[in-house]
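Undergrad: This is the structure I have questions about; it appears just below.
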Amino acid sequence: MMILKSQELSRALRAQIKERAALFRQSKGRSPSLAVILVGQDPASQVYVRNKVAACEEVGFKSAHHELPENTDKAELRSLIEGLNADPTVDGILVQLPLPKHLSSDEVISWISPSKDPDALTVENQGLLFVGRPRVAPCTPSGVIELLKHYKISMAGKNAVVIGRSQIVGKPMAQLLLMENATVTIAHSKTADLQAVTSQADILVVAAGRPKMIQSQHVKKGAVVIDVGIHRTATGLCGDVDLESLAGHALAVSPVPGGVGPMTITMLLMNTLKLAESSFPRG
Ligand SMILES: NC(=O)c1ccc[n+]([C@@H]2O[C@H](COP(=O)([O-])OP(=O)(O)OC[C@H]3O[C@@H](n4cnc5c(N)ncnc54)[C@H](OP(=O)(O)O)[C@@H]3O)[C@@H](O)[C@H]2O)c1
């Protein structure tokens with residue numbers, strides 16, 4: 001069974017991004033830049049934000065980190081985002097989710113200018129993706145497509161099943177697979193017979209958020225399985241797929257950690273770079 005590790009691909013893509021960022025700097029006189037906003041003190045979010053800021057530095061982007069207190073009100077957050085929208089030296093604005101309960105993530109995301117939305121979460125960017133003309137696509141599913149291409153796993157004509165229908169992973173994942181000419185099915189918590197659906201998949205992408213829920217009986221022999229899930233357990237990280245149970249059964253599986261995870265930040269950098277390159281000069 002092939003283990004679809006992403007370290008080498010991620011390193012190569014980041015080297016490419018670094019080169020393009022240097023060219024951007026030479027011609028425009030400034031670095032591509034990402035503003036990251038964190039509201040509150042959620043420890044997992046603090047780690048994600050630190051990793052994103054460090055990744056920006058590694059490829060020569062400028063990053064600004066805005067940490068706001070838990071009780072930040074709507075008006076204050078909106079004014080920060082609108083200031084960043086109007087700043088021509090800012091290319092990407094990322095609001096770390098989840099937000100504290102008194103703030104609606106849909107509403108907050110709607111304040112971000114779609115031309116500065118590297119997570120591709122605004123309605124405009126989701127719409128562009130769904131009509132097949134993405135400005136940028138959400139980072140995690142974009143990383144899955146890059147990983148499949150890197151391992152030369154063809155998608156055209158294949159039966160692809162995506163478990164999960166979130167805005168950030170499942171739905172854009174299905175759309176990106178469709179754009180690669182796969183025949184796509186989306187399964188979710190109300191799917192009547194999950195095993196009957198997943199066992200038809202040549203390519204199975206699991207983004208359900210349920211530790212080790214997928215085992216060999218769910219998987220067609222010779223299928224490719226991509227595990228998007230991440231769970232912190234007493235014994236370390238695990239995904240939505242029980243990788244060991246697929247040995248000798250699946251053709252290939254992405255591991256957790258070391259599979260989809262590292263690709264997400266790489267695609268965030270790529271999307272920020274694309275936004276910088278595509279909309280200069282910005283008024
Ligand atoms: N690797 C990365 O960088 C990365 C990035 C983002 C997320 N993740 C991980 O990926 C997982 C999914 O994230 P998400 O944000 O998409 O989660 P989410 O918003 O909770 O969505 C989970 C989806 O899975 C479906 N689902 C839940 N239990 C199911 C079951 N037993 N059978 C079939 N479908 C089921 C849900 O169906 P309903 O719609 O019917 O409720 C929902 O559509 C999480 O573990 C998350 O930590 C990883």
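Ordered as shown in the structure tokens, chains take letters A, B, and onward, while each chain numbers its residues from 1 and ligands are numbered from 1 in the order shown.
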Give me the residues near segment 115-125 of chain A as a count of residues only, where near means some atom within 6 Å (using only C-alpha atoms) and where sequence neighbours in that chain fewer than 2 positions away do not count.
TA: 12
Undergrad: Just want the residues within 8 Å of ligand 1, written as a PyMOL selection string, counting only C-alpha atoms and all ligand atoms.
TA: chain A and resi 139-140+163-170+187-191+194+206-211+213+227-231+239-240+259-265
Undergrad: Atoms to include: N, CA, C and O atoms. Write the selected residues as a CSV table (one decimal), in the first residue's frame.
TA:
chain,number,residue,atom,x,y,z
A,139,CYS,N,-8.2,26.0,0.9
A,139,CYS,CA,-6.9,25.5,1.0
A,139,CYS,C,-6.8,23.9,1.1
A,139,CYS,O,-6.0,23.3,0.5
A,140,THR,N,-7.6,23.4,2.0
A,140,THR,CA,-7.5,22.0,2.3
A,140,THR,C,-7.9,21.1,1.1
A,140,THR,O,-7.1,20.3,0.6
A,163,ILE,N,-16.8,12.2,1.9
A,163,ILE,CA,-17.6,12.1,3.1
A,163,ILE,C,-17.5,13.5,3.8
A,163,ILE,O,-16.3,13.8,4.2
A,164,GLY,N,-18.6,14.2,3.9
A,164,GLY,CA,-18.5,15.5,4.5
A,164,GLY,C,-19.0,16.6,3.5
A,164,GLY,O,-18.7,16.5,2.3
A,165,ARG,N,-19.8,17.5,4.0
A,165,ARG,CA,-20.3,18.6,3.1
A,165,ARG,C,-20.1,20.0,3.7
A,165,ARG,O,-21.0,20.8,3.6
A,166,SER,N,-19.0,20.2,4.5
A,166,SER,CA,-18.8,21.5,5.0
A,166,SER,C,-18.4,22.5,3.9
A,166,SER,O,-17.9,22.1,2.9
A,167,GLN,N,-18.6,23.8,4.2
A,167,GLN,CA,-18.2,24.8,3.2
A,167,GLN,C,-16.7,24.8,3.0
A,167,GLN,O,-16.2,25.2,2.0
A,168,ILE,N,-16.0,24.4,4.1
A,168,ILE,CA,-14.5,24.6,4.0
A,168,ILE,C,-13.8,23.4,3.4
A,168,ILE,O,-12.7,23.5,2.9
A,169,VAL,N,-14.4,22.2,3.6
A,169,VAL,CA,-13.7,21.0,3.0
A,169,VAL,C,-14.6,20.3,2.0
A,169,VAL,O,-14.4,20.2,0.8
A,170,GLY,N,-15.7,19.7,2.5
A,170,GLY,CA,-16.5,18.7,1.7
A,170,GLY,C,-17.0,19.2,0.4
A,170,GLY,O,-16.8,18.7,-0.7
A,187,ALA,N,-21.3,12.1,0.5
A,187,ALA,CA,-22.0,11.5,1.6
A,187,ALA,C,-21.9,12.3,2.9
A,187,ALA,O,-21.0,13.2,3.0
A,188,HIS,N,-22.9,12.1,3.8
A,188,HIS,CA,-22.9,13.0,5.0
A,188,HIS,C,-23.6,12.2,6.1
A,188,HIS,O,-23.9,11.0,5.9
A,189,SER,N,-23.9,12.9,7.2
A,189,SER,CA,-24.4,12.1,8.4
A,189,SER,C,-25.8,11.5,8.1
A,189,SER,O,-26.2,10.6,8.9
A,190,LYS,N,-26.5,12.0,7.1
A,190,LYS,CA,-27.8,11.4,6.9
A,190,LYS,C,-27.8,10.4,5.7
A,190,LYS,O,-28.9,10.0,5.3
A,191,THR,N,-26.7,10.1,5.2
A,191,THR,CA,-26.6,9.1,4.1
A,191,THR,C,-27.1,7.8,4.7
A,191,THR,O,-26.6,7.4,5.8
A,194,LEU,N,-23.9,4.3,4.4
A,194,LEU,CA,-22.6,4.8,4.0
A,194,LEU,C,-21.7,3.8,3.4
A,194,LEU,O,-21.0,4.1,2.4
A,206,VAL,N,-12.1,11.5,3.0
A,206,VAL,CA,-12.9,11.4,4.2
A,206,VAL,C,-12.7,12.7,5.0
A,206,VAL,O,-11.6,12.9,5.5
A,207,ALA,N,-13.7,13.4,5.2
A,207,ALA,CA,-13.7,14.7,6.0
A,207,ALA,C,-14.9,14.8,6.9
A,207,ALA,O,-15.7,15.7,6.8
A,208,ALA,N,-15.0,13.8,7.8
A,208,ALA,CA,-16.2,13.7,8.6
A,208,ALA,C,-15.9,14.2,10.0
A,208,ALA,O,-16.9,14.5,10.8
A,209,GLY,N,-14.7,14.1,10.4
A,209,GLY,CA,-14.4,14.5,11.8
A,209,GLY,C,-14.7,13.5,12.8
A,209,GLY,O,-15.1,13.8,13.9
A,210,ARG,N,-14.6,12.2,12.4
A,210,ARG,CA,-14.9,11.1,13.3
A,210,ARG,C,-13.6,10.1,13.3
A,210,ARG,O,-13.4,9.5,12.3
A,211,PRO,N,-12.9,10.1,14.5
A,211,PRO,CA,-11.7,9.3,14.5
A,211,PRO,C,-11.8,7.9,14.0
A,211,PRO,O,-12.7,7.1,14.5
A,213,MET,N,-13.1,6.3,11.7
A,213,MET,CA,-14.5,5.7,11.3
A,213,MET,C,-14.4,4.9,10.0
A,213,MET,O,-15.2,4.0,9.8
A,227,ASP,N,-7.3,11.0,3.8
A,227,ASP,CA,-7.8,11.3,5.1
A,227,ASP,C,-7.6,12.7,5.5
A,227,ASP,O,-6.5,13.2,5.7
A,228,VAL,N,-8.7,13.4,5.6
A,228,VAL,CA,-8.6,14.9,5.9
A,228,VAL,C,-8.7,15.1,7.4
A,228,VAL,O,-8.3,16.1,8.0
A,229,GLY,N,-9.3,14.2,8.1
A,229,GLY,CA,-9.5,14.3,9.6
A,229,GLY,C,-8.3,14.5,10.4
A,229,GLY,O,-7.2,14.0,10.0
A,230,ILE,N,-8.4,15.3,11.5
A,230,ILE,CA,-7.3,15.4,12.4
A,230,ILE,C,-7.9,15.3,13.8
A,230,ILE,O,-8.8,16.1,14.1
A,231,HIS,N,-7.3,14.4,14.6
A,231,HIS,CA,-7.8,14.3,16.0
A,231,HIS,C,-6.6,14.1,16.9
A,231,HIS,O,-5.7,13.3,16.6
A,239,GLY,N,-6.4,10.2,12.2
A,239,GLY,CA,-7.3,10.8,11.3
A,239,GLY,C,-8.7,10.1,11.3
A,239,GLY,O,-9.1,9.5,12.3
A,240,ASP,N,-9.5,10.3,10.3
A,240,ASP,CA,-10.8,9.7,10.2
A,240,ASP,C,-10.7,8.2,9.6
A,240,ASP,O,-11.7,7.5,9.6
A,259,GLY,N,0.1,13.9,5.9
A,259,GLY,CA,-0.6,13.8,4.6
A,259,GLY,C,-1.2,15.1,4.2
A,259,GLY,O,-0.5,16.0,3.7
A,260,VAL,N,-2.5,15.2,4.4
A,260,VAL,CA,-3.2,16.5,3.9
A,260,VAL,C,-2.8,17.7,4.8
A,260,VAL,O,-2.7,18.8,4.2
A,261,GLY,N,-2.6,17.5,6.1
A,261,GLY,CA,-2.3,18.6,7.0
A,261,GLY,C,-1.3,19.6,6.5
A,261,GLY,O,-1.6,20.8,6.3
A,262,PRO,N,-0.1,19.2,6.2
A,262,PRO,CA,0.9,20.2,5.7
A,262,PRO,C,0.6,20.9,4.4
A,262,PRO,O,1.1,22.0,4.2
A,263,MET,N,-0.3,20.3,3.6
A,263,MET,CA,-0.6,20.9,2.3
A,263,MET,C,-1.5,22.1,2.6
A,263,MET,O,-1.6,23.0,1.7
A,264,THR,N,-2.3,22.1,3.7
A,264,THR,CA,-3.2,23.2,3.9
A,264,THR,C,-2.5,24.6,4.0
A,264,THR,O,-2.9,25.5,3.3
A,265,ILE,N,-1.5,24.6,4.8
A,265,ILE,CA,-0.8,25.9,4.9
A,265,ILE,C,0.0,26.3,3.6
A,265,ILE,O,0.0,27.4,3.2
Undergrad: Tell me, in Å to one decimal, how far atom CA of Ala223 of chain A is from atom CA of Leu251 of chain A.
TA: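 Distance between the two atoms: 5.4 Å.
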Undergrad: Which polymer residues have any atom within 9 Å of an atom of Val39 of chain A, counting only C-alpha atoms, with same-chain residues fewer than 6 positions away left out, as a VMD selection string?
TA: chain A and resid 66 to 72 77 95 to 100
Undergrad: For the residues selected in the previous step, produce a file with C-alpha atoms as a compact mmCIF listing (two decimals), in the first residue's frame.
TA:
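Output file again-v7.txt is given in full below:
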# COMPACT_ATOMS: atom_id res chain seq x y z
CA HIS A 66 -3.70 40.93 14.86
CA GLU A 67 -4.63 39.45 18.23
CA LEU A 68 -7.89 40.74 19.63
CA PRO A 69 -9.44 40.02 23.03
CA GLU A 70 -12.27 37.48 23.40
CA ASN A 71 -14.84 40.25 24.05
CA THR A 72 -14.05 42.21 20.86
CA LEU A 77 -13.58 43.71 14.21
CA VAL A 95 -9.78 35.37 10.16
CA GLN A 96 -8.93 32.31 12.24
CA LEU A 97 -12.03 30.19 12.95
CA PRO A 98 -13.83 29.34 15.15
CA LEU A 99 -14.77 32.79 16.44
CA PRO A 100 -16.13 33.45 19.94
Undergrad: Give me, as a short mmCIF file (atom, residue, chain, number, x, y, z; two decimals) with N, CA, C and O atoms, in the first residue's frame, all polymer residues having an atom no more than 8 Å from segment 145-149 of chain A, counting only C-alpha atoms and skipping those fewer than 2 positions away in the same chain.
TA:
data_model
loop_
_atom_site.label_atom_id
_atom_site.label_comp_id
_atom_site.auth_asym_id
_atom_site.auth_seq_id
_atom_site.Cartn_x
_atom_site.Cartn_y
_atom_site.Cartn_z
N LEU A 4 0.69 8.16 1.03
CA LEU A 4 0.77 9.43 0.28
C LEU A 4 1.25 10.56 1.20
O LEU A 4 0.46 11.39 1.65
N SER A 6 3.17 14.03 2.21
CA SER A 6 3.17 15.30 1.48
C SER A 6 4.41 16.14 1.70
O SER A 6 4.52 17.23 1.13
N LEU A 9 6.42 17.15 -1.54
CA LEU A 9 5.62 18.03 -2.39
C LEU A 9 5.49 19.41 -1.76
O LEU A 9 5.65 20.45 -2.41
N PRO A 141 -9.02 21.35 0.47
CA PRO A 141 -9.32 20.56 -0.73
C PRO A 141 -8.35 20.82 -1.89
O PRO A 141 -8.01 19.90 -2.64
N SER A 142 -7.85 22.06 -2.01
CA SER A 142 -6.84 22.31 -3.06
C SER A 142 -5.60 21.48 -2.80
O SER A 142 -4.99 20.95 -3.74
N GLY A 143 -5.24 21.35 -1.52
CA GLY A 143 -4.07 20.54 -1.17
C GLY A 143 -4.28 19.07 -1.51
O GLY A 143 -3.35 18.38 -1.94
N TYR A 151 1.13 12.33 -6.94
CA TYR A 151 1.31 10.86 -7.00
C TYR A 151 0.73 10.27 -8.29
O TYR A 151 0.55 9.06 -8.39
N LYS A 152 0.42 11.16 -9.25
CA LYS A 152 -0.07 10.74 -10.58
C LYS A 152 -1.29 9.83 -10.47
O LYS A 152 -1.41 8.82 -11.19
N ILE A 153 -2.17 10.18 -9.56
CA ILE A 153 -3.43 9.43 -9.43
C ILE A 153 -4.47 10.16 -10.28
O ILE A 153 -4.82 11.31 -9.97
N SER A 154 -4.88 9.54 -11.36
CA SER A 154 -5.79 10.25 -12.26
C SER A 154 -7.19 10.23 -11.68
O SER A 154 -7.60 9.29 -11.01
N LEU A 176 -13.98 20.48 -6.77
CA LEU A 176 -12.64 20.38 -7.39
C LEU A 176 -12.46 19.01 -8.07
O LEU A 176 -11.86 18.91 -9.14
N LEU A 177 -13.00 17.96 -7.46
CA LEU A 177 -12.92 16.63 -8.09
C LEU A 177 -13.74 16.60 -9.38
O LEU A 177 -13.34 16.02 -10.39
N VAL A 260 -2.51 15.25 4.36
CA VAL A 260 -3.22 16.45 3.93
C VAL A 260 -2.82 17.69 4.76
O VAL A 260 -2.71 18.79 4.22
N MET A 263 -0.27 20.28 3.62
CA MET A 263 -0.65 20.91 2.35
C MET A 263 -1.55 22.12 2.56
O MET A 263 -1.58 23.03 1.72
#
Undergrad: Name the residues of segment 38-206 of chain A that fall into strand (DSSP E or B) according to DSSP on the backbone, using the chain letters and numbers of this document, as a list of chain:residue names.
TA: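 Answer for segment 38-206 of chain A, restricted to strand (DSSP E or B): A:Leu38, A:Val39, A:Lys62, A:Ser63, A:Ala64, A:His65, A:His66, A:Glu67, A:Leu68, A:Gly92, A:Ile93, A:Leu94, A:Val95, A:Asn159, A:Ala160, A:Val161, A:Val162, A:Ile163, A:Thr183, A:Val184, A:Thr185, A:Ile186, A:Ala187, A:Ile203, A:Leu204, A:Val205, A:Val206.
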Undergrad: Quick one, how far is atom CA of Ala75 of chain A from atom CA of Val108 of chain A?
TA: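 Going from atom CA of Ala75 of chain A over to atom CA of Val108 of chain A, I get 10.4 Å.
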Undergrad: Tell me which of A:Leu34, A:Val241, A:Ala182, A:Val90 sits closest to Glu57 of chain A, counting only C-alpha atoms.
TA: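 Ranking A:Leu34, A:Val241, A:Ala182, A:Val90 by distance to Glu57 of chain A, first place goes to A:Leu34.
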Undergrad: Between A:Leu243, A:Cys238, A:Leu80, A:Ile37, which residue has the minimum interatomic distance to Ile214 of chain A, considering only C-alpha atoms?
TA: A:Leu243
Undergrad: Quick one: residues within 12 Å of Gly157 of chain A, only C-alpha atoms counted, chain neighbours fewer than 2 positions away excluded, as a PyMOL selection string?
TA: chain A and resi 153-155+159-160+177-184+201-203
Undergrad: Pick out each residue of segment 99-178 of chain A that DSSP on the backbone tags as helix (DSSP H, G or I); I need them as an MDAnalysis selection string.
TA: chainID A and resid 105:110 114:116 123:130 139:150 170:178
Undergrad: Please list as a short mmCIF file (atom, residue, chain, number, x, y, z; two decimals) with N, CA, C and O atoms, in the first residue's frame every residue within 9 Å of Ala54 of chain A, counting only C-alpha atoms and excluding residues in the same chain fewer than 5 positions away.
TA:
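New file result_18.cif:
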data_model
loop_
_atom_site.label_atom_id
_atom_site.label_comp_id
_atom_site.auth_asym_id
_atom_site.auth_seq_id
_atom_site.Cartn_x
_atom_site.Cartn_y
_atom_site.Cartn_z
N VAL A 49 -2.31 29.81 14.14
CA VAL A 49 -1.91 31.15 13.71
C VAL A 49 -0.39 31.28 13.73
O VAL A 49 0.21 31.79 12.78
N VAL A 59 8.73 31.81 3.48
CA VAL A 59 8.74 32.03 2.03
C VAL A 59 8.91 33.51 1.65
O VAL A 59 8.77 33.87 0.48
N SER A 63 3.93 39.24 7.12
CA SER A 63 2.67 38.85 7.75
C SER A 63 2.41 39.75 8.94
O SER A 63 3.34 40.15 9.65
#
Undergrad: Which one of A:Leu204, A:Ala64, A:Thr198, A:His150 sits closest to Met173 of chain A if you count only C-alpha atoms?
TA: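 Among A:Leu204, A:Ala64, A:Thr198, A:His150, it is A:Leu204 that comes nearest to Met173 of chain A.
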Undergrad: Please list as a list in words every residue within 7 Å of Gly222 of chain A, counting only C-alpha atoms and excluding residues in the same chain fewer than 2 positions away.
TA: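 The contact residues come out as Lys220, Val224, His249, Ala250 and Leu251 of chain A.
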Undergrad: Between A:Asp73, A:Gly60, A:Asp106, A:Ile186, which residue has the minimum interatomic distance to Arg30 of chain A, considering only C-alpha atoms?
TA: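 Answer, going by the shortest atom-to-atom distance: A:Gly60.
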